[in-house]
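First comes the structure, then the notes that go with it.
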Amino acid sequence: MEDEKKLPPKKEVLSDGTIIEYSFWDNKDDGNKKYYTKTVISPPPALFKKVKDFYPSGTIQKESEVFMGEMMMEPFYNNLIVKDYDQKGYLVKTTDYTDFAKNVKIKLNDLLELLQKEPMIREVNESNKENLYVNFFNKEVEKDKITAEKVIDELKSNDCNGKILNAHSDVERRSLKISLDKDIWSVTKDMYPGGFWDYKINANTGKVLSVDYRADSRP
């Protein structure tokens with residue numbers, strides 16, 4: 001307990017907006033000894049954060065590059081690059097989990113760049129129009145007058161700039177969900193409480209194949 005009193009605050013905010021969070025946990029694989037974690041979250045538009053775990057001695061145990069949103073794929077979840085160290089602090093292994101996209105042309109970083117340029121909706125198809133009319137506009141707008149421009153204007157705010165991803169929004173960068181199935185990227189833009197926008201994107205051409213709106217039932 002005396003040692004823990006010497007720990008820094010659990011959260012610090014630096015002058016540039018960088019957030020540093022500290023925590024500790026019991027490592028069951030090492031006799032429930034107490035390990036420590038330092039998470040460094042750079043301000044937007046950064047889309048990745050650094051997580052460092054430390055042995056009880058204070059020597060670094062692991063360093064991970066972690067996606068700010070959610071990677072909906074096993075086995076690594078949000079961890080992309082993981083470096084493991086021995087108890088003397090020497091690097092023993094580097095694991096690159098980004099090879100899940102090795103068979104497609106549009107890699108993860110390519111996709112993130114594309115999402116920041118691509119309009120969140122270009123046109124409103126009939127199935128989306130009915131859904132938007134009932135669940136998004138609450139029947140307050142004539143169905144025939146629902147357009148992509150009207151949807152974007154309705155959503156525009158500090159957190160929504162009309163693109164699939166506004167990396168300058170802390171809310172958007174944390175809530176974006178991504179997965180890859182063969183040659184199709186699936187992306188979900190969470191606009192709570194305004195619903196979800198689901199995208200299917202060709203992982204070789206970058207073409208947006210579909211855009212679908214889902215109503216939000218969360219309280």
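Residue names in the structure tokens use chain letters A, B, ... in the order shown, residue numbers from 1 in each chain, and ligand numbers from 1 in the order shown.
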
Can you list, as a PyMOL selection string, every protein, DNA or RNA residue that comes within 9 Å of Glu123 in chain A when you count only C-alpha atoms, leaving out same-chain residues fewer than 5 positions away?
chain A and resi 147-149

Which residues come within 7 Å of range 183-197 of chain A, counting only C-alpha atoms, excluding same-chain residues fewer than 5 positions away, as a short mmCIF file (atom, residue, chain, number, x, y, z; two decimals) with C-alpha atoms, in the first residue's frame?
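The resulting file, selection_20.cif, is shown below:
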data_model
loop_
_atom_site.label_atom_id
_atom_site.label_comp_id
_atom_site.auth_asym_id
_atom_site.auth_seq_id
_atom_site.Cartn_x
_atom_site.Cartn_y
_atom_site.Cartn_z
CA VAL A 104 -6.75 -7.55 -49.95
CA PHE A 136 -35.00 9.00 -38.29
CA ILE A 164 -18.33 8.15 -42.75
CA SER A 175 -17.48 4.23 -31.54
CA LEU A 176 -16.51 3.13 -35.08
CA LYS A 177 -16.82 -0.64 -35.60
CA ILE A 178 -14.83 -2.47 -38.29
CA ASN A 202 -15.04 -3.76 -51.42
CA ALA A 203 -11.65 -4.48 -49.84
CA ASN A 204 -9.88 -4.49 -53.21
CA VAL A 211 -25.28 1.88 -47.04
CA ASP A 212 -28.04 0.95 -44.59
CA TYR A 213 -29.61 2.82 -41.71
CA ARG A 214 -30.73 1.09 -38.49
CA ALA A 215 -32.91 2.71 -35.86
CA ASP A 216 -31.57 3.03 -32.31
#

Out of range 65-178 of chain A, which residues get helix (DSSP H, G or I) from DSSP, as a PyMOL selection string?
chain A and resi 97-101+108-117+126-136+143-145+148-155+170-175

If you count only C-alpha atoms, which residues fall within 8 Å of Ile41 in chain A, apart from same-chain ones fewer than 2 positions away, as a list in words?
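Here the answer would be Thr18, Ile19, Ile20, Thr39, Pro43, Phe48, Lys49 and Lys50 of chain A.
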
Show me, as a PyMOL selection string, the residues that have an atom within 12 Å of Leu114 in chain A when counting only C-alpha atoms, minus same-chain residues fewer than 2 positions from it.
chain A and resi 106-112+116-120+163-167+185+187+201-203+205-208

From the options A:Asn79, A:Lys34, A:Val151, A:Val40, which residue's atoms come nearest to Lys11 in chain A, counting only C-alpha atoms?
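Answer, going by the shortest atom-to-atom distance: A:Val40.
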
Do you know which residues are at most 6 Å from range 95-103 of chain A counting only C-alpha atoms, after dropping those on the same chain fewer than 3 positions away, and could you put them as an mmCIF file with C-alpha atoms, in the first residue's frame?
data_model
loop_
_atom_site.group_PDB
_atom_site.id
_atom_site.type_symbol
_atom_site.label_atom_id
_atom_site.label_comp_id
_atom_site.auth_asym_id
_atom_site.auth_seq_id
_atom_site.Cartn_x
_atom_site.Cartn_y
_atom_site.Cartn_z
ATOM 1 C CA LEU A 80 -2.628 -4.424 -33.905
ATOM 2 C CA ILE A 81 1.075 -4.479 -33.028
ATOM 3 C CA VAL A 82 2.139 -6.160 -29.764
ATOM 4 C CA LYS A 107 -5.456 -2.350 -45.854
#

Go through A:Asp84, A:Ile152, A:Asp30, A:Tyr55 one by one, measure the shortest atom-to-atom distance of each to Arg122 in chain A using only C-alpha atoms, and give the residue with the smallest value.
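Ranked by minimum distance to Arg122 in chain A, first place goes to A:Ile152.
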
Distance query Asn27 in chain A at most 10 Å, only C-alpha atoms, self and fewer than 4 positions along chain excluded, as a list in words
Gly31, Asn32, Lys33, Lys34, Tyr35, Tyr36, Tyr55 and Pro56 of chain A

Taking only C-alpha atoms into account, which of A:Glu63, A:Asp181, A:Glu74, A:Asp198 comes nearest Lys93 in chain A?
A:Glu63
